[in-house]
>>> print(open('final.cif').read())   # mmCIF, C-alpha atoms and all ligand atoms
data_structure
#
loop_
_atom_site.label_atom_id
_atom_site.label_comp_id
_atom_site.auth_asym_id
_atom_site.auth_seq_id
_atom_site.Cartn_x
_atom_site.Cartn_y
_atom_site.Cartn_z
CA MET A 197 16.22 -25.38 1.21
CA LYS A 198 14.17 -25.85 4.39
CA THR A 199 11.77 -23.01 5.21
CA THR A 200 11.27 -21.93 8.83
CA ILE A 201 7.71 -20.81 9.60
CA TYR A 202 7.06 -18.23 12.29
CA GLN A 203 3.75 -17.27 13.85
CA ALA A 204 2.91 -13.74 15.01
CA GLU A 205 3.80 -14.52 18.64
CA ASP A 206 7.26 -15.78 17.60
CA LEU A 207 8.18 -12.24 16.57
CA LEU A 208 8.16 -11.28 20.24
CA LYS A 209 11.07 -13.68 20.91
CA PRO A 210 14.67 -12.40 20.75
CA ASN A 211 15.81 -15.57 18.95
CA THR A 212 13.34 -14.98 16.11
CA ILE A 213 14.44 -11.36 15.75
CA LYS A 214 18.08 -12.52 15.64
CA HIS A 215 17.27 -15.16 13.00
CA LEU A 216 15.38 -12.65 10.79
CA LYS A 217 18.30 -10.22 10.95
CA GLU A 218 20.85 -12.95 10.20
CA VAL A 219 18.93 -14.29 7.21
CA ILE A 220 18.43 -10.85 5.65
CA GLN A 221 21.98 -9.64 6.39
CA THR A 222 23.40 -12.78 4.75
CA GLY A 223 21.35 -12.39 1.56
CA GLY A 224 18.40 -14.69 2.36
CA LEU A 225 14.70 -14.32 1.57
CA VAL A 226 11.81 -13.81 4.01
CA VAL A 227 8.10 -13.85 3.15
CA PHE A 228 6.19 -11.44 5.39
CA PRO A 229 2.56 -10.30 5.68
CA THR A 230 1.56 -6.72 4.91
CA GLU A 231 -1.83 -5.03 5.01
CA THR A 232 -2.04 -5.26 1.18
CA VAL A 233 -0.68 -8.69 0.18
CA TYR A 234 2.21 -10.90 1.34
CA GLY A 235 5.69 -9.79 0.23
CA ILE A 236 8.87 -11.74 -0.54
CA GLY A 237 11.66 -9.64 0.93
CA ALA A 238 15.44 -9.27 0.71
CA ASN A 239 18.00 -6.68 1.84
CA ALA A 240 17.41 -3.77 -0.56
CA TYR A 241 21.14 -2.94 -0.52
CA ASN A 242 22.21 -6.44 -1.59
CA PRO A 243 21.83 -6.92 -5.39
CA ASP A 244 22.51 -10.67 -5.20
CA ALA A 245 19.74 -11.15 -2.66
CA ALA A 246 17.36 -9.07 -4.78
CA HIS A 247 18.32 -11.15 -7.81
CA LYS A 248 17.22 -14.29 -5.91
CA ILE A 249 13.72 -12.83 -5.61
CA TYR A 250 13.45 -12.61 -9.40
CA GLN A 251 14.64 -16.20 -9.75
CA VAL A 252 12.32 -17.65 -7.13
CA LYS A 253 9.26 -15.82 -8.50
CA GLY A 254 10.15 -16.19 -12.17
CA ARG A 255 9.68 -12.41 -12.35
CA PRO A 256 10.79 -10.55 -15.48
CA GLN A 257 14.00 -8.59 -14.75
CA ASP A 258 12.51 -5.36 -16.08
CA ASN A 259 9.77 -5.21 -13.42
CA PRO A 260 11.21 -3.23 -10.48
CA LEU A 261 10.66 -3.94 -6.77
CA ILE A 262 9.12 -1.78 -4.04
CA VAL A 263 11.41 -0.90 -1.11
CA HIS A 264 9.70 -1.28 2.27
CA ILE A 265 10.87 0.84 5.20
CA ASP A 266 9.88 1.10 8.84
CA HIS A 267 11.31 4.55 9.59
CA LEU A 268 11.38 7.85 7.67
CA HIS A 269 15.16 8.27 8.04
CA GLN A 270 15.55 5.34 5.62
CA LEU A 271 13.73 7.33 2.92
CA ASN A 272 16.57 9.87 2.81
CA GLU A 273 19.06 7.11 1.99
CA LEU A 274 16.89 5.87 -0.89
CA ALA A 275 15.26 8.91 -2.47
CA GLN A 276 16.31 12.34 -3.71
CA ALA A 277 14.21 15.47 -3.95
CA ILE A 278 11.32 14.70 -1.64
CA SER A 279 8.80 17.40 -2.55
CA GLN A 280 6.32 19.22 -0.30
CA ASP A 281 3.55 17.21 -1.97
CA ALA A 282 5.33 13.96 -1.10
CA HIS A 283 5.75 15.09 2.51
CA ARG A 284 2.02 15.83 2.71
CA LEU A 285 1.12 12.39 1.35
CA ILE A 286 3.58 10.68 3.70
CA GLN A 287 2.06 12.58 6.61
CA ALA A 288 -1.44 11.54 5.55
CA PHE A 289 -0.98 7.93 4.40
CA TRP A 290 2.18 6.39 5.88
CA PRO A 291 2.38 3.86 7.30
CA GLY A 292 -0.13 2.46 4.82
CA PRO A 293 -0.87 1.14 1.32
CA LEU A 294 0.63 4.00 -0.73
CA THR A 295 3.86 3.48 -2.72
CA LEU A 296 5.64 6.64 -3.85
CA ILE A 297 8.13 6.81 -6.73
CA PHE A 298 11.13 9.13 -6.28
CA ASP A 299 14.43 9.80 -8.05
CA LYS A 300 16.80 7.27 -6.52
CA THR A 301 20.12 7.82 -4.74
CA ASP A 302 23.31 6.00 -5.80
CA LYS A 303 22.91 3.75 -2.77
CA VAL A 304 19.96 1.94 -4.41
CA PRO A 305 21.22 -0.98 -6.56
CA ASP A 306 20.10 -1.08 -10.21
CA THR A 307 18.93 -4.68 -9.79
CA ILE A 308 15.93 -3.65 -7.70
CA THR A 309 14.92 -0.69 -9.90
CA SER A 310 15.46 -2.57 -13.18
CA HIS A 311 18.00 0.13 -14.11
CA LEU A 312 15.48 2.95 -13.79
CA ASN A 313 16.64 6.20 -12.17
CA THR A 314 13.69 6.02 -9.83
CA VAL A 315 12.83 3.97 -6.75
CA ALA A 316 9.44 2.92 -5.34
CA VAL A 317 9.13 3.23 -1.54
CA ARG A 318 6.42 2.33 0.93
CA MET A 319 6.05 2.07 4.72
CA PRO A 320 3.63 -0.78 5.51
CA SER A 321 1.25 -0.47 8.46
CA ASN A 322 0.98 -4.19 9.28
CA PRO A 323 2.66 -4.56 12.72
CA LEU A 324 4.35 -7.86 11.74
CA ALA A 325 5.79 -6.22 8.61
CA GLN A 326 7.09 -3.35 10.74
CA MET A 327 8.62 -5.72 13.33
CA PHE A 328 10.30 -7.70 10.56
CA ILE A 329 11.82 -4.64 8.82
CA HIS A 330 12.86 -3.21 12.18
CA ALA A 331 14.56 -6.49 13.14
CA THR A 332 16.68 -6.52 9.96
CA GLU A 333 17.91 -2.92 10.37
CA THR A 334 17.77 -2.34 6.61
CA PRO A 335 15.20 -1.37 3.97
CA ILE A 336 13.60 -4.46 2.43
CA CYS A 337 12.90 -4.78 -1.30
CA ALA A 338 9.84 -6.93 -1.86
CA PRO A 339 7.36 -7.74 -4.62
CA SER A 340 4.21 -9.77 -3.97
CA ALA A 341 4.89 -13.29 -2.65
CA ASN A 342 3.55 -15.34 -5.55
CA ILE A 343 4.91 -17.09 -8.60
CA SER A 344 4.91 -14.44 -11.35
CA GLY A 345 1.64 -14.25 -13.27
CA LYS A 346 -0.47 -15.77 -10.47
CA PRO A 347 -2.76 -13.74 -8.21
CA SER A 348 -0.86 -12.18 -5.29
CA SER A 349 -0.93 -14.18 -2.06
CA THR A 350 -3.32 -12.86 0.57
CA LEU A 351 -3.39 -16.02 2.73
CA PHE A 352 -0.55 -17.92 4.44
CA GLU A 353 -1.75 -21.09 2.67
CA HIS A 354 -1.21 -19.45 -0.74
CA VAL A 355 2.30 -18.34 0.17
CA LYS A 356 3.08 -21.86 1.32
CA MET A 357 1.74 -23.33 -1.92
CA ASP A 358 3.98 -21.07 -4.06
CA LEU A 359 7.11 -20.64 -1.97
CA TYR A 360 7.55 -23.34 0.69
CA ASN A 361 11.17 -24.56 0.74
CA LYS A 362 12.12 -21.87 -1.79
CA VAL A 363 12.70 -19.13 0.83
CA ASP A 364 14.43 -19.12 4.23
CA ILE A 365 11.54 -17.90 6.38
CA ILE A 366 7.77 -17.40 6.06
CA ILE A 367 5.95 -15.30 8.66
CA ASP A 368 2.31 -16.39 9.01
CA GLY A 369 0.14 -13.28 9.40
CA GLY A 370 -3.23 -14.78 8.48
CA LYS A 371 -5.42 -13.09 5.87
CA SER A 372 -4.27 -9.73 4.43
CA THR A 373 -6.74 -7.07 5.52
CA ILE A 374 -6.86 -5.10 2.24
CA GLY A 375 -6.11 -7.91 -0.19
CA LEU A 376 -5.05 -5.75 -3.19
CA GLU A 377 -1.58 -4.34 -3.81
CA SER A 378 -0.67 -0.76 -2.84
CA THR A 379 -1.53 2.33 -4.85
CA VAL A 380 1.59 3.30 -6.85
CA LEU A 381 2.00 7.06 -7.29
CA ASP A 382 4.78 8.57 -9.38
CA MET A 383 6.10 11.73 -7.66
CA THR A 384 8.76 12.42 -10.32
CA THR A 385 6.31 13.74 -12.93
CA PRO A 386 5.24 17.43 -12.89
CA THR A 387 1.79 16.27 -11.75
CA PRO A 388 1.74 13.20 -9.46
CA THR A 389 0.55 10.21 -11.52
CA ILE A 390 -1.17 7.02 -10.41
CA LEU A 391 0.52 4.02 -12.07
CA ARG A 392 -1.50 1.40 -10.22
CA PRO A 393 -4.77 2.03 -8.38
CA GLY A 394 -5.14 0.67 -4.84
CA SER A 395 -7.06 1.35 -1.67
CA ILE A 396 -5.67 4.89 -1.38
CA THR A 397 -7.85 6.35 -4.12
CA LYS A 398 -7.30 9.25 -6.53
CA ALA A 399 -9.91 11.28 -4.61
CA MET A 400 -8.13 10.67 -1.29
CA ILE A 401 -4.81 11.84 -2.74
CA GLU A 402 -6.38 14.90 -4.42
CA ASN A 403 -8.08 15.77 -1.17
CA ILE A 404 -4.71 15.95 0.61
CA LEU A 405 -2.88 17.77 -2.22
CA GLN A 406 -5.83 20.06 -2.97
CA LYS A 407 -5.22 19.72 -6.71
CA PRO A 408 -6.02 17.24 -9.50
CA ILE A 409 -3.55 14.42 -10.16
CA ASP A 410 -3.11 12.18 -13.23
CA ASP A 411 -4.07 8.54 -13.55
CA LEU A 412 -2.13 6.51 -16.11
CA SER A 413 -3.67 3.21 -15.01
CA GLU A 414 -7.02 4.48 -16.32
CA MET A 415 -5.51 4.97 -19.78
CA ILE A 416 -4.53 1.32 -19.85
CA HIS A 417 -8.15 0.38 -19.09
CA GLU A 418 -9.34 2.40 -22.03
CA SER A 419 -6.84 1.04 -24.56
CA PRO A 420 -7.02 -2.72 -24.25
CA LYS A 421 -4.18 -3.39 -26.66
CA SER A 422 -1.78 -1.02 -24.94
CA PRO A 423 1.76 -2.19 -25.72
CA GLY A 424 2.75 -1.38 -22.13
CA MET A 425 0.60 -4.27 -21.00
CA LYS A 426 3.43 -6.74 -21.38
CA TYR A 427 2.79 -9.30 -18.68
CA THR A 428 -0.06 -11.56 -17.74
CA HIS A 429 -1.24 -10.91 -14.20
CA TYR A 430 -3.54 -12.56 -11.69
CA LYS A 431 -4.40 -15.27 -14.20
CA PRO A 432 -5.95 -18.56 -13.08
CA GLN A 433 -5.59 -21.57 -15.42
CA GLY A 434 -9.20 -21.31 -16.59
CA ASP A 435 -10.59 -18.70 -18.99
CA ILE A 436 -12.13 -15.63 -17.42
CA ILE A 437 -15.28 -14.17 -18.95
CA LEU A 438 -15.75 -10.66 -17.57
CA ILE A 439 -19.38 -9.58 -17.98
CA ASP A 440 -20.48 -5.95 -17.98
CA GLY A 441 -24.09 -4.80 -17.72
CA ALA A 442 -26.94 -3.95 -15.39
CA ILE A 443 -27.19 -6.51 -12.59
CA GLU A 444 -30.51 -7.92 -13.93
CA ASN A 445 -28.91 -8.47 -17.33
CA VAL A 446 -25.86 -10.13 -15.78
CA ILE A 447 -28.09 -12.52 -13.83
CA LYS A 448 -30.21 -13.26 -16.92
CA TYR A 449 -27.11 -13.89 -19.06
CA LEU A 450 -25.51 -16.16 -16.45
CA ASN A 451 -28.63 -18.26 -15.97
CA LYS A 452 -29.00 -18.62 -19.74
CA GLN A 453 -25.39 -19.80 -20.07
CA LEU A 454 -25.68 -22.11 -17.05
CA LYS A 455 -28.83 -23.66 -18.44
CA LYS A 456 -26.87 -24.61 -21.57
CA ASN A 457 -23.87 -25.86 -19.64
CA ASN A 458 -23.51 -26.31 -15.87
CA ASN A 459 -20.56 -28.67 -15.58
CA ASP A 460 -18.38 -29.00 -12.48
CA ASP A 461 -15.61 -27.08 -14.23
CA ILE A 462 -17.67 -23.90 -14.64
CA ALA A 463 -17.72 -21.33 -11.83
CA VAL A 464 -19.13 -17.88 -11.15
CA ILE A 465 -17.33 -15.30 -9.01
CA CYS A 466 -19.81 -12.57 -8.13
CA ALA A 467 -21.35 -10.17 -5.64
CA HIS A 468 -23.71 -11.54 -2.99
CA GLU A 469 -26.76 -10.05 -4.73
CA VAL A 470 -25.92 -12.02 -7.89
CA SER A 471 -25.00 -15.25 -6.09
CA GLU A 472 -28.49 -15.45 -4.61
CA GLN A 473 -30.13 -15.44 -8.04
CA ILE A 474 -28.05 -17.77 -10.15
CA HIS A 475 -28.08 -21.53 -10.45
CA ALA A 476 -24.40 -22.44 -10.81
CA LYS A 477 -22.82 -25.48 -9.15
CA GLN A 478 -19.71 -23.52 -8.21
CA VAL A 479 -20.29 -20.00 -6.88
CA PHE A 480 -17.78 -17.78 -5.06
CA ASP A 481 -19.62 -14.98 -3.23
CA LEU A 482 -17.23 -12.01 -2.91
CA GLY A 483 -19.49 -9.89 -0.68
CA ALA A 484 -22.23 -7.27 -1.06
CA LEU A 485 -22.04 -5.05 -4.16
CA ASN A 486 -21.53 -1.84 -2.18
CA ASP A 487 -18.98 -3.39 0.21
CA THR A 488 -15.91 -2.92 -1.97
CA GLU A 489 -13.56 -3.53 0.97
CA THR A 490 -14.83 -7.07 1.46
CA ILE A 491 -14.88 -7.72 -2.30
CA ALA A 492 -11.26 -6.52 -2.59
CA SER A 493 -10.11 -8.69 0.31
CA ASN A 494 -11.70 -11.81 -1.25
CA LEU A 495 -10.83 -11.30 -4.91
CA PHE A 496 -7.42 -13.01 -5.08
CA ILE A 497 -8.68 -15.82 -2.81
CA ALA A 498 -11.51 -16.41 -5.29
CA LEU A 499 -9.17 -16.42 -8.30
CA ARG A 500 -6.84 -18.89 -6.59
CA ALA A 501 -9.75 -21.12 -5.56
CA MET A 502 -10.53 -21.59 -9.27
CA ASP A 503 -7.26 -23.46 -9.81
CA ASP A 504 -7.79 -25.58 -6.68
CA MET A 505 -11.15 -26.68 -8.14
CA ASN A 506 -9.78 -27.17 -11.68
CA ILE A 507 -12.25 -24.69 -13.09
CA LYS A 508 -12.00 -24.21 -16.88
CA THR A 509 -14.52 -21.37 -17.36
CA ILE A 510 -14.85 -18.54 -14.84
CA TYR A 511 -17.62 -15.98 -15.11
CA ILE A 512 -17.09 -12.69 -13.22
CA HIS A 513 -19.01 -9.43 -13.53
CA THR A 514 -17.66 -5.88 -13.51
CA PHE A 515 -17.94 -3.58 -10.48
CA SER A 516 -18.62 0.14 -10.27
CA LYS A 517 -15.44 2.17 -9.81
CA ASP A 518 -16.55 3.73 -6.51
CA HIS A 519 -14.20 3.52 -3.51
CA LEU A 520 -12.01 0.43 -4.00
CA GLY A 521 -13.88 -0.38 -7.23
CA SER A 522 -11.28 1.23 -9.45
CA ALA A 523 -8.52 -0.99 -7.99
CA ILE A 524 -10.77 -4.07 -8.20
CA MET A 525 -11.57 -3.39 -11.88
CA ASN A 526 -7.87 -2.82 -12.65
CA ARG A 527 -7.04 -6.33 -11.35
CA LEU A 528 -10.09 -7.93 -13.00
CA LEU A 529 -9.28 -6.44 -16.40
CA LYS A 530 -5.71 -7.71 -16.19
CA ALA A 531 -6.90 -11.17 -15.11
CA ALA A 532 -9.34 -11.22 -18.04
CA GLY A 533 -6.73 -10.06 -20.55
CA TYR A 534 -8.72 -6.80 -21.00
CA ARG A 535 -11.63 -8.56 -22.69
CA ILE A 536 -15.13 -7.54 -21.62
CA LEU A 537 -18.45 -9.04 -22.67
CA SER A 538 -21.30 -6.50 -22.63
CA VAL A 539 -24.78 -7.86 -21.89
P1 LIG B 1 4.48 -5.98 -6.86
O1 LIG B 1 5.17 -5.64 -5.58
O2 LIG B 1 4.71 -7.38 -7.31
O3 LIG B 1 3.05 -5.65 -6.77
O4 LIG B 1 5.12 -5.05 -7.96
C1 LIG B 1 5.59 -3.75 -7.71
C2 LIG B 1 4.94 -2.76 -8.61
O5 LIG B 1 5.56 -1.47 -8.45
C3 LIG B 1 5.05 -3.13 -10.07
O6 LIG B 1 3.87 -2.79 -10.73
C4 LIG B 1 6.22 -2.27 -10.53
O7 LIG B 1 6.18 -2.03 -11.92
C5 LIG B 1 6.01 -0.99 -9.72
N1 LIG B 1 7.28 -0.25 -9.53
C6 LIG B 1 8.29 -0.56 -8.71
N2 LIG B 1 9.31 0.32 -8.84
C7 LIG B 1 8.92 1.21 -9.77
C8 LIG B 1 9.54 2.38 -10.36
N3 LIG B 1 10.75 2.77 -9.99
N4 LIG B 1 8.84 3.03 -11.31
C9 LIG B 1 7.61 2.62 -11.68
N5 LIG B 1 6.97 1.54 -11.17
C10 LIG B 1 7.62 0.84 -10.22
MG MG B 2 3.00 -8.76 -7.95
#
>>> encode(input="final.cif", output="structure tokens")
Amino acid sequence: MKTTIYQAEDLLKPNTIKHLKEVIQTGGLVVFPTETVYGIGANAYNPDAAHKIYQVKGRPQDNPLIVHIDHLHQLNELAQAISQDAHRLIQAFWPGPLTLIFDKTDKVPDTITSHLNTVAVRMPSNPLAQMFIHATETPICAPSANISGKPSSTLFEHVKMDLYNKVDIIIDGGKSTIGLESTVLDMTTPTPTILRPGSITKAMIENILQKPIDDLSEMIHESPKSPGMKYTHYKPQGDIILIDGAIENVIKYLNKQLKKNNNDDIAVICAHEVSEQIHAKQVFDLGALNDTETIASNLFIALRAMDDMNIKTIYIHTFSKDHLGSAIMNRLLKAAGYRILSV
């Protein structure tokens, strides 16, 4: 298969819009940028097209897809029983990085929900994502545009590396602004429940709903051997050593380790404050400790860079759970297989 690549300005051309619609309406796949990460999209009402996504990614069949919409009327075709709480959250956070889980309608094929009775829906805010969905005139089911198990793609170059000539179209939208996947919030439970933390935080949701919500993703943090933790995620080829401790202790530990062994295949991914004080050959500076937005937007790029440099041992330190920190720690723990080294 030959992949067509479009730039942002191409989406203003009628021929591009026609091509996007044709590809999606005939069961093809399109990779598109969103504000969170890149997505690999198909017509949500076409089970065969959705099935292709699983094949191309090597994604386990029991991991359902998020349906992306560009207009609220599409939600009524997909979801049943949209509560007052859901309406409030939609009002506050859509378009944006919040995925809501609803009871599904019969119109939603089982292939995309992995035979669950529920469907995950989100309205992305990235203008290119909106133009793409609008052009196709259908909801788009889309997981992250990466080979399963690898960090999600947040750069066009990463999408190209994983999916070039495996999909019909790739839209180049540059670097994803947020860089971590959406917050997933289950609206079918008596109390709304976070299943995956993202840049819309628990506090932001509680502030809109004016009541406490549950967070199941936190429980997974606390029980490292949780049987629900079936799949490897965000994993570079090298081993990740996730270090937890006061920043002075982290620096001391790293310098001690690096003194023993500072080969080319050892790297440190860390906050700016740490990078200035360690003597590693390979350092990836994620950004200042208190700038969780920058750290989040660089995290997957850093993890992917490790494979490009053939790194065998990757040291990373933990981050406080303020702001985006909870979402960052969720991804780091998964990447590290839930092992933490306290120093
Ligand atoms: P990805 O787009 O690759 O980040 O994956 C989508 C995420 O949404 C995965 O963590 C799925 O398990 C989750 N998801 C999608 N649909 C549902 C659903 N109906 N119920 C619970 N989680 C879902
Ligand atoms: Mg994914």
>>> closest_residue(input="final.cif", among="A:Leu454, A:Val539, A:Cys466, A:Asp481", to="Ile512 (chain A)", atoms="all atoms listed in the file")
A:Cys466
>>> atom_distance(input="final.cif", atom1="CA of Tyr511 (chain A)", atom2="CA of Ile439 (chain A)")
7.2 Å
>>> residues_near_ligand(input="final.cif", ligand="ligand LIG 1 (chain B)", cutoff="10 Å", atoms="only C-alpha atoms and all ligand atoms", output="PDB file with C-alpha atoms, in the coordinates of the input")
ATOM      1  CA  THR A 232      -2.040  -5.260   1.180  1.00  0.00           C
ATOM      2  CA  VAL A 233      -0.680  -8.690   0.180  1.00  0.00           C
ATOM      3  CA  TYR A 234       2.210 -10.900   1.340  1.00  0.00           C
ATOM      4  CA  GLY A 235       5.690  -9.790   0.230  1.00  0.00           C
ATOM      5  CA  ILE A 236       8.870 -11.740  -0.540  1.00  0.00           C
ATOM      6  CA  LYS A 253       9.260 -15.820  -8.500  1.00  0.00           C
ATOM      7  CA  ARG A 255       9.680 -12.410 -12.350  1.00  0.00           C
ATOM      8  CA  ASP A 258      12.510  -5.360 -16.080  1.00  0.00           C
ATOM      9  CA  ASN A 259       9.770  -5.210 -13.420  1.00  0.00           C
ATOM     10  CA  PRO A 260      11.210  -3.230 -10.480  1.00  0.00           C
ATOM     11  CA  LEU A 261      10.660  -3.940  -6.770  1.00  0.00           C
ATOM     12  CA  ILE A 262       9.120  -1.780  -4.040  1.00  0.00           C
ATOM     13  CA  VAL A 263      11.410  -0.900  -1.110  1.00  0.00           C
ATOM     14  CA  THR A 295       3.860   3.480  -2.720  1.00  0.00           C
ATOM     15  CA  LEU A 296       5.640   6.640  -3.850  1.00  0.00           C
ATOM     16  CA  ILE A 297       8.130   6.810  -6.730  1.00  0.00           C
ATOM     17  CA  PHE A 298      11.130   9.130  -6.280  1.00  0.00           C
ATOM     18  CA  ASP A 299      14.430   9.800  -8.050  1.00  0.00           C
ATOM     19  CA  LYS A 300      16.800   7.270  -6.520  1.00  0.00           C
ATOM     20  CA  ILE A 308      15.930  -3.650  -7.700  1.00  0.00           C
ATOM     21  CA  THR A 309      14.920  -0.690  -9.900  1.00  0.00           C
ATOM     22  CA  SER A 310      15.460  -2.570 -13.180  1.00  0.00           C
ATOM     23  CA  HIS A 311      18.000   0.130 -14.110  1.00  0.00           C
ATOM     24  CA  LEU A 312      15.480   2.950 -13.790  1.00  0.00           C
ATOM     25  CA  ASN A 313      16.640   6.200 -12.170  1.00  0.00           C
ATOM     26  CA  THR A 314      13.690   6.020  -9.830  1.00  0.00           C
ATOM     27  CA  VAL A 315      12.830   3.970  -6.750  1.00  0.00           C
ATOM     28  CA  ALA A 316       9.440   2.920  -5.340  1.00  0.00           C
ATOM     29  CA  VAL A 317       9.130   3.230  -1.540  1.00  0.00           C
ATOM     30  CA  CYS A 337      12.900  -4.780  -1.300  1.00  0.00           C
ATOM     31  CA  ALA A 338       9.840  -6.930  -1.860  1.00  0.00           C
ATOM     32  CA  PRO A 339       7.360  -7.740  -4.620  1.00  0.00           C
ATOM     33  CA  SER A 340       4.210  -9.770  -3.970  1.00  0.00           C
ATOM     34  CA  ALA A 341       4.890 -13.290  -2.650  1.00  0.00           C
ATOM     35  CA  ASN A 342       3.550 -15.340  -5.550  1.00  0.00           C
ATOM     36  CA  ILE A 343       4.910 -17.090  -8.600  1.00  0.00           C
ATOM     37  CA  SER A 344       4.910 -14.440 -11.350  1.00  0.00           C
ATOM     38  CA  GLY A 345       1.640 -14.250 -13.270  1.00  0.00           C
ATOM     39  CA  PRO A 347      -2.760 -13.740  -8.210  1.00  0.00           C
ATOM     40  CA  SER A 348      -0.860 -12.180  -5.290  1.00  0.00           C
ATOM     41  CA  LEU A 376      -5.050  -5.750  -3.190  1.00  0.00           C
ATOM     42  CA  GLU A 377      -1.580  -4.340  -3.810  1.00  0.00           C
ATOM     43  CA  SER A 378      -0.670  -0.760  -2.840  1.00  0.00           C
ATOM     44  CA  THR A 379      -1.530   2.330  -4.850  1.00  0.00           C
ATOM     45  CA  VAL A 380       1.590   3.300  -6.850  1.00  0.00           C
ATOM     46  CA  LEU A 381       2.000   7.060  -7.290  1.00  0.00           C
ATOM     47  CA  ASP A 382       4.780   8.570  -9.380  1.00  0.00           C
ATOM     48  CA  MET A 383       6.100  11.730  -7.660  1.00  0.00           C
ATOM     49  CA  THR A 384       8.760  12.420 -10.320  1.00  0.00           C
ATOM     50  CA  ILE A 390      -1.170   7.020 -10.410  1.00  0.00           C
ATOM     51  CA  LEU A 391       0.520   4.020 -12.070  1.00  0.00           C
ATOM     52  CA  ARG A 392      -1.500   1.400 -10.220  1.00  0.00           C
ATOM     53  CA  HIS A 429      -1.240 -10.910 -14.200  1.00  0.00           C
TER      54      HIS A 429
END
>>> residues_around(input="final.cif", residues="Lys431 (chain A)", least_positions_apart="2", cutoff="12 Å", atoms="all atoms listed in the file", output="PyMOL selection string")
chain A and resi 342-348+427-429+433-437+495-496+498-503+510+527-534
>>> closest_residue(input="final.cif", among="A:Val227, A:Ile336, A:Ala331, A:Ile213", to="Ile265 (chain A)", atoms="only C-alpha atoms")
A:Ile336
>>> residues_around(input="final.cif", residues="region 455-464 of chain A", least_positions_apart="2", cutoff="7 Å", atoms="all atoms listed in the file", output="MDAnalysis selection string")
chainID A and resid 451:453 466 476:480 506:512
>>> write_last_selection(input="final.cif", atoms="C-alpha atoms", output="tab-separated table (two decimals), in the coordinates of the input")
chain	number	residue	atom	x	y	z
A	451	ASN	CA	-28.63	-18.26	-15.97
A	452	LYS	CA	-29.00	-18.62	-19.74
A	453	GLN	CA	-25.39	-19.80	-20.07
A	466	CYS	CA	-19.81	-12.57	-8.13
A	476	ALA	CA	-24.40	-22.44	-10.81
A	477	LYS	CA	-22.82	-25.48	-9.15
A	478	GLN	CA	-19.71	-23.52	-8.21
A	479	VAL	CA	-20.29	-20.00	-6.88
A	480	PHE	CA	-17.78	-17.78	-5.06
A	506	ASN	CA	-9.78	-27.17	-11.68
A	507	ILE	CA	-12.25	-24.69	-13.09
A	508	LYS	CA	-12.00	-24.21	-16.88
A	509	THR	CA	-14.52	-21.37	-17.36
A	510	ILE	CA	-14.85	-18.54	-14.84
A	511	TYR	CA	-17.62	-15.98	-15.11
A	512	ILE	CA	-17.09	-12.69	-13.22
